[in-house]
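Below is one structure, written out as structure tokens; the observations come after it.
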Amino acid sequence: MMRACHRAFVRSLTAGVSLLAVASISRAAGAQWSTAYHQFYRQASHNWQFRNNYPAADRLFNAFDYGHAILYETLFTEPNAPTSRLEQQEYDFITQRLLVKPPRLPLEESVIEVQYAKLVPEAKEMFEWAHVLHRQVYDIWADERLSTESKDREVHRLLEHYLARRNAAFSTRPKDMHLMEGQPYSLAFRRRYPKFNGLIWAYHWLQVGLYEPLVTAKSSEARRAGVDAAVARFRAMLADPPRSMPAIMPMTAAVAPEFSRRYPEIAIIFDNLHAMHDVISDVLADSTVPMSRKRAEILRAAARYRDDTSSVTTVAEWRDMAEEMGVDHMGGRAVTADQPSSTMWTSELVERRLRDANVEARPLPPTGRHIFMSIPARSYELAGGDEVQVFLYPDSVSRARDTAKLDKQRVAPPNMMIKWRARPTLVIDGNLAAIIITNDDARRQRVRDALSPLGKPNDR
Amino acid sequence: MPHPAASPAPHVRRHVGCRIALAVALALSAAPALAAQTDFYNTSRGRPLRIEDAVPVEYRAVELNLAPVRLDVMSQDTRFWSLHPEATIGFLPRTQLQLALPLAYVDAPGTSARGVAGLDVSVLRALNMETSIPALAVAGDISFPVGPLGGTATYGTVKGIVTRTLPWARFHGNAEFTAGPSTSSADPTTSAANDGRDLSRWLAGLAVDKTFVFHSLLVTAESFAEQPINSGASVAWSAGAGLRYQLDPRWTMDAGLGRRFTGDNRAWYVTLGSAYSLGLR
């Protein structure tokens, strides 16, 4: 009896294994046979130095892994989901939980983007290989044991190692914008998901923005301060989405000019990487690309970003393009070692300061943008129907660009007549500009004091 | 006291075993200069369960399974301890080479034996990366009769592996066949030796695993049937469960618990191991 049971079990098990294989394969008739593969990263003494020396920033990248992965998986598997699925549900999870307490280790993305990973493992491997390059360049520049010359030498060795995998490496030739924005599917993602798109661009800003303080700082303390400032800038980008986020794709030559001058090929690789991230989002988000064509379109784009011939432009044109598009729209230039790092104003900080100063301030619904300011205000109603309008910029440079054009007494451009309903007062500090609209001098002073320059111990 | 490894020239095999152990030890001692990432997501035979996935270690990766221990608690107060150090190298894209030198200790009432229990050399080749087609791999293994508990014959095993990933779990199917002489269950010497070598005439099984991605934790369960290499032995059915956990970018821990429910050698077994990943320079 027992033996019969065993035989029946064995037969069932063998049949199960066979069925699993045969059924899976037969269902995949016409599917693609992929020979992509994973490769371990280059071994060196500087491995994991960024993780050891800058754990907070390193952990953020673990959270970024999730953002990219869930984006592709959702776009591919839930094409008809409401926009709130990404714009609200996932965005809130990422910004309110994941980025607040990022994972301690890099995430296994294929667990998050199961179907996407099976759709185009070749493209996934290109991203992973480029992300390894990202992290290893951080490692080199985070290693305080290496001299600057050694760092340069190691980065060039790393680049050779990266480029040796031609089937996974992005081209070192810059590509023109047509490749990203001139395709039938282009812009589909960012139009439908402006907030999540801004989040991805904020990720990309930090990924390249971290290099600038790392390569320009002259001491480990300065490097640490620069990295902290870059992370603070990134967090400020999330304060008022999508207005506080980059409005165009951050380009390495603009965000991290010294890094790009030092390692132009790597900067171009990262721009090609980030552009292809956008292209894949567009292909997946565009309903005019049928599901049966998604893989082919992605592979076509991937081949173009790998080769040295498609849509190639010159390095000079690439730099010019980055400058002309305007670094302020990309989230601003990264902090360099010679810029003092400071705390950034955020809406949370503004509200906390007002609260601490016993100023009653009730947030008002968003209104239109002033004609003379480049970003919309976040407005608060004060007692007596007065108002304070707060403008939070990615950095002080972009703030100064707006406020420099104003007549500070009238809070209006010199050639423009603005009719305020009460006396306006302009307050500026770092990345903040605020207009206090009140005829009550005491109230004005209290708000002014609340928005006094940063630097208090509890401002961070 | 009878020694289970009674054979024509045990000292010769011990000598070979020692040289191989020395070579492996030297290879391992050179490795700590490197630093790398390990991966809790990919299972391999015995780590923690018998059924493995169709994914080899990464190209140019070296994974060292340091001191993985297995304890089989069998009937009649017999305990079987084994230490299974192994090194796996991704020497080609989608291809790994694995060297293992198991050490065993048999503790039975009135008798005990310990020593090297064979030398295993295996190659696993992934045929593809999973798309709508499941991941497929083939593996070949040769087990040499090295050491006091290494038996007397060389065995060759071929294996087919399939892995299918679904959004909520991964499934793995393994089927293998071993060529080589059958041993006699009437002879406790060869029987014990082949327990040490973990040989089956054939084996087929399924495993399922679930990943908790934010915790870098994999939980897995398996069930398989095997025909022991001993002639006349009945088919044994086993089931087990285990987990793999990433401690840091380099270290992974694994643990497993299982039961051989049927067959002539019913037993509970537990495994505990750790893996350290490096890279080739």
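Quick note on naming: the chains in the structure tokens go A, B, ... in the order shown, residues restart at 1 in each chain, and ligands are numbered from 1 in order of appearance.
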> Within 6 Å of chain A, which residues of chain B show up when using only C-alpha atoms, listed as an MDAnalysis selection string?
Replying inline: chainID B and resid 58:61 128:133 167 173 279 281
Would you save the residues from that selection as a PDB file, in the first residue's frame, using C-alpha atoms?
```pdb
ATOM      1  CA  GLU B  58      26.873  36.146 -11.624  1.00  0.00           C
ATOM      2  CA  TYR B  59      29.623  36.120 -14.183  1.00  0.00           C
ATOM      3  CA  ARG B  60      32.955  36.803 -12.426  1.00  0.00           C
ATOM      4  CA  ALA B  61      31.450  36.205  -8.989  1.00  0.00           C
ATOM      5  CA  ASN B 128      18.433  31.628 -20.984  1.00  0.00           C
ATOM      6  CA  MET B 129      17.215  34.474 -18.844  1.00  0.00           C
ATOM      7  CA  GLU B 130      13.564  34.241 -17.951  1.00  0.00           C
ATOM      8  CA  THR B 131      11.137  36.013 -20.246  1.00  0.00           C
ATOM      9  CA  SER B 132       7.766  34.582 -21.137  1.00  0.00           C
ATOM     10  CA  ILE B 133       9.886  31.457 -21.434  1.00  0.00           C
ATOM     11  CA  PRO B 167       4.259  38.190  -9.101  1.00  0.00           C
ATOM     12  CA  GLY B 173      11.420  22.208 -10.765  1.00  0.00           C
ATOM     13  CA  GLY B 279      34.539  38.774  -7.330  1.00  0.00           C
ATOM     14  CA  ARG B 281      39.736  40.637 -10.186  1.00  0.00           C
TER      15      ARG B 281
END
```
>> Please extract the residues of segment 22-145 of chain B with a backbone DSSP assignment of alpha helix (DSSP H) and present them as a list of chain:residue names.
In response: B:Leu22, B:Ala23, B:Val24, B:Ala25, B:Leu26, B:Ala27, B:Leu28, B:Ser29, B:Ala30
Can I get the selection written as an mmCIF file, in the first residue's frame, with N, CA and C atoms?
```cif
data_model
loop_
_atom_site.group_PDB
_atom_site.id
_atom_site.type_symbol
_atom_site.label_atom_id
_atom_site.label_comp_id
_atom_site.auth_asym_id
_atom_site.auth_seq_id
_atom_site.Cartn_x
_atom_site.Cartn_y
_atom_site.Cartn_z
ATOM 1 N N LEU B 22 43.753 21.214 1.024
ATOM 2 C CA LEU B 22 44.784 22.246 1.130
ATOM 3 C C LEU B 22 44.665 23.255 -0.011
ATOM 4 N N ALA B 23 44.441 22.718 -1.220
ATOM 5 C CA ALA B 23 44.320 23.614 -2.384
ATOM 6 C C ALA B 23 43.125 24.548 -2.237
ATOM 7 N N VAL B 24 42.008 23.980 -1.777
ATOM 8 C CA VAL B 24 40.808 24.810 -1.583
ATOM 9 C C VAL B 24 41.066 25.856 -0.506
ATOM 10 N N ALA B 25 41.717 25.415 0.570
ATOM 11 C CA ALA B 25 42.005 26.352 1.669
ATOM 12 C C ALA B 25 42.898 27.491 1.187
ATOM 13 N N LEU B 26 43.874 27.168 0.352
ATOM 14 C CA LEU B 26 44.756 28.215 -0.169
ATOM 15 C C LEU B 26 43.979 29.179 -1.052
ATOM 16 N N ALA B 27 43.113 28.595 -1.873
ATOM 17 C CA ALA B 27 42.316 29.451 -2.760
ATOM 18 C C ALA B 27 41.440 30.390 -1.948
ATOM 19 N N LEU B 28 40.860 29.851 -0.878
ATOM 20 C CA LEU B 28 39.979 30.678 -0.055
ATOM 21 C C LEU B 28 40.757 31.743 0.694
ATOM 22 N N SER B 29 41.948 31.402 1.109
ATOM 23 C CA SER B 29 42.704 32.358 1.910
ATOM 24 C C SER B 29 43.111 33.569 1.089
ATOM 25 N N ALA B 30 43.194 33.418 -0.233
ATOM 26 C CA ALA B 30 43.562 34.559 -1.072
ATOM 27 C C ALA B 30 42.381 35.479 -1.303
#
```
>> When you look at Thr178 of chain B with a cut-off of 8 Å (counting only C-alpha atoms), what residues show up, excluding the ones that are within fewer than 2 positions of it in the same chain? I need them as a list in words.
In response: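 What passes the distance filter is Tyr155, Gly156, Thr157, Val158, Glu176, Gly180, Leu199, Ser200, Arg201 and Trp202 of chain B.
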>> Calculated over only C-alpha atoms, which of the candidates B:Leu127, B:Leu71, B:Leu149, B:Val270 has the smallest distance to Pro93 of chain B?
In response: B:Leu127
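Atom CA of Glu78 of chain A sits 27.2 Å away from atom CA of Val219 of chain B.
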>> Please identify the strand (DSSP E or B) residues within segment 5-182 of chain B (assignment by DSSP from backbone atoms) and present them as a PyMOL selection string.
In response: chain B and resi 44+47+59+61-74+79-83+86-92+95-100+103-108+111-116+119-126+129+135-144+155-166+169-179
Go ahead and write the residues just picked, C-alpha atoms, as a tab-separated table (two decimals), in the first residue's frame.
```tsv
chain	number	residue	atom	x	y	z
B	44	SER	CA	21.53	26.60	-4.79
B	47	ARG	CA	21.41	26.24	0.47
B	59	TYR	CA	29.62	36.12	-14.18
B	61	ALA	CA	31.45	36.20	-8.99
B	62	VAL	CA	32.88	33.82	-6.43
B	63	GLU	CA	30.56	32.55	-3.75
B	64	LEU	CA	32.03	30.77	-0.78
B	65	ASN	CA	29.77	28.62	1.31
B	66	LEU	CA	31.65	28.56	4.53
B	67	ALA	CA	30.97	25.81	7.01
B	68	PRO	CA	27.41	24.98	6.08
B	69	VAL	CA	26.28	22.32	8.51
B	70	ARG	CA	23.63	19.66	8.09
B	71	LEU	CA	22.38	17.31	10.75
B	72	ASP	CA	20.26	14.26	9.96
B	73	VAL	CA	18.58	12.71	12.95
B	74	MET	CA	17.73	9.18	11.92
B	79	ARG	CA	23.00	11.12	13.85
B	80	PHE	CA	24.67	12.18	10.67
B	81	TRP	CA	26.59	15.44	10.68
B	82	SER	CA	28.02	16.93	7.54
B	83	LEU	CA	30.01	20.02	6.81
B	86	GLU	CA	32.07	24.74	-1.34
B	87	ALA	CA	33.22	27.41	-3.71
B	88	THR	CA	31.23	28.54	-6.74
B	89	ILE	CA	32.73	30.58	-9.52
B	90	GLY	CA	30.90	32.32	-12.35
B	91	PHE	CA	33.63	31.58	-14.84
B	92	LEU	CA	31.59	32.28	-17.98
B	95	THR	CA	27.82	29.41	-16.21
B	96	GLN	CA	29.14	28.42	-12.82
B	97	LEU	CA	31.67	25.89	-11.64
B	98	GLN	CA	31.28	24.49	-8.16
B	99	LEU	CA	33.77	22.58	-6.05
B	100	ALA	CA	32.67	20.93	-2.84
B	103	LEU	CA	33.11	16.27	5.53
B	104	ALA	CA	30.90	13.87	7.42
B	105	TYR	CA	30.55	12.43	10.89
B	106	VAL	CA	28.33	9.44	11.51
B	107	ASP	CA	27.34	8.88	15.10
B	108	ALA	CA	25.48	5.60	15.53
B	111	THR	CA	30.04	3.08	16.22
B	112	SER	CA	31.15	6.33	14.69
B	113	ALA	CA	33.10	7.49	11.68
B	114	ARG	CA	34.27	10.77	10.30
B	115	GLY	CA	36.18	12.09	7.33
B	116	VAL	CA	36.00	13.50	3.86
B	119	LEU	CA	34.76	15.46	-3.87
B	120	ASP	CA	32.08	17.03	-6.01
B	121	VAL	CA	32.73	19.04	-9.12
B	122	SER	CA	29.74	20.45	-10.93
B	123	VAL	CA	28.93	22.86	-13.70
B	124	LEU	CA	25.62	24.64	-14.05
B	125	ARG	CA	24.74	26.39	-17.29
B	126	ALA	CA	21.70	28.65	-17.57
B	129	MET	CA	17.22	34.47	-18.84
B	135	ALA	CA	14.48	30.16	-16.97
B	136	LEU	CA	16.06	26.86	-17.94
B	137	ALA	CA	19.36	25.40	-16.85
B	138	VAL	CA	21.27	22.15	-17.11
B	139	ALA	CA	23.85	20.90	-14.69
B	140	GLY	CA	26.38	18.12	-14.61
B	141	ASP	CA	28.04	16.81	-11.47
B	142	ILE	CA	30.81	14.34	-10.89
B	143	SER	CA	31.29	12.90	-7.43
B	144	PHE	CA	34.70	11.36	-6.87
B	155	TYR	CA	29.21	8.91	-9.97
B	156	GLY	CA	27.96	11.26	-12.65
B	157	THR	CA	24.73	13.21	-12.39
B	158	VAL	CA	22.83	15.22	-14.98
B	159	LYS	CA	20.12	17.62	-13.94
B	160	GLY	CA	17.51	19.80	-15.59
B	161	ILE	CA	16.21	22.89	-13.79
B	162	VAL	CA	13.32	25.17	-14.57
B	163	THR	CA	12.32	28.37	-12.76
B	164	ARG	CA	9.13	30.29	-13.26
B	165	THR	CA	8.57	33.66	-11.60
B	166	LEU	CA	5.10	34.92	-10.81
B	169	ALA	CA	6.04	33.56	-5.81
B	170	ARG	CA	8.71	31.68	-7.74
B	171	PHE	CA	8.53	28.02	-8.62
B	172	HIS	CA	11.41	25.69	-9.34
B	173	GLY	CA	11.42	22.21	-10.76
B	174	ASN	CA	14.46	19.92	-10.64
B	175	ALA	CA	14.90	16.48	-12.16
B	176	GLU	CA	18.16	14.54	-12.05
B	177	PHE	CA	19.59	11.15	-12.83
B	178	THR	CA	22.79	9.64	-11.48
B	179	ALA	CA	24.90	7.06	-13.27
```
> Given the choices B:His84, B:Arg50, B:His215, B:Arg94, which gets closest to Gly273 of chain B if the distance is worked out from only C-alpha atoms?
Replying inline: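 Result for the nearest residue to Gly273 of chain B: B:His84.
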List as a PDB file with N, CA and C atoms, in the first residue's frame the protein and nucleic acid residues near Thr262 of chain B, meaning an atom at most 8 Å away when only C-alpha atoms are counted, but skip any in the same chain fewer than 4 places from it.
```
ATOM      1  N   VAL B 235      11.650   4.202  -2.624  1.00  0.00           N
ATOM      2  CA  VAL B 235      11.648   5.633  -2.924  1.00  0.00           C
ATOM      3  C   VAL B 235      11.396   6.430  -1.649  1.00  0.00           C
ATOM      4  N   ALA B 236      12.148   7.495  -1.503  1.00  0.00           N
ATOM      5  CA  ALA B 236      12.003   8.322  -0.307  1.00  0.00           C
ATOM      6  C   ALA B 236      11.395   9.667  -0.689  1.00  0.00           C
ATOM      7  N   TRP B 237      10.460  10.081   0.103  1.00  0.00           N
ATOM      8  CA  TRP B 237       9.812  11.371  -0.134  1.00  0.00           C
ATOM      9  C   TRP B 237      10.194  12.314   0.993  1.00  0.00           C
ATOM     10  N   SER B 238      10.641  13.483   0.625  1.00  0.00           N
ATOM     11  CA  SER B 238      11.062  14.467   1.621  1.00  0.00           C
ATOM     12  C   SER B 238      10.333  15.783   1.395  1.00  0.00           C
ATOM     13  N   ARG B 266      14.361   7.144   7.134  1.00  0.00           N
ATOM     14  CA  ARG B 266      13.561   8.313   7.516  1.00  0.00           C
ATOM     15  C   ARG B 266      14.336   9.154   8.533  1.00  0.00           C
TER      16      ARG B 266
END
```
>> Excluding segment 245-249 of chain B and its own-chain neighbours fewer than 6 positions away, which residues fall within 10 Å of it when counting only C-alpha atoms? Please give them as a VMD selection string.
In response: (chain A and resid 48 51 104 to 106) or (chain B and resid 35 to 41 211 to 212 215 to 219 255 274 to 277)
>> So that I can check the surroundings of segment 410-417 of chain A, please list as an NGL selection string every protein, DNA and RNA residue that reaches within 12 Å of it, counting only C-alpha atoms and ignoring chain neighbours fewer than 6 positions away.
In response: :A and (370-373 or 389 or 402-404 or 423-428 or 433-437)
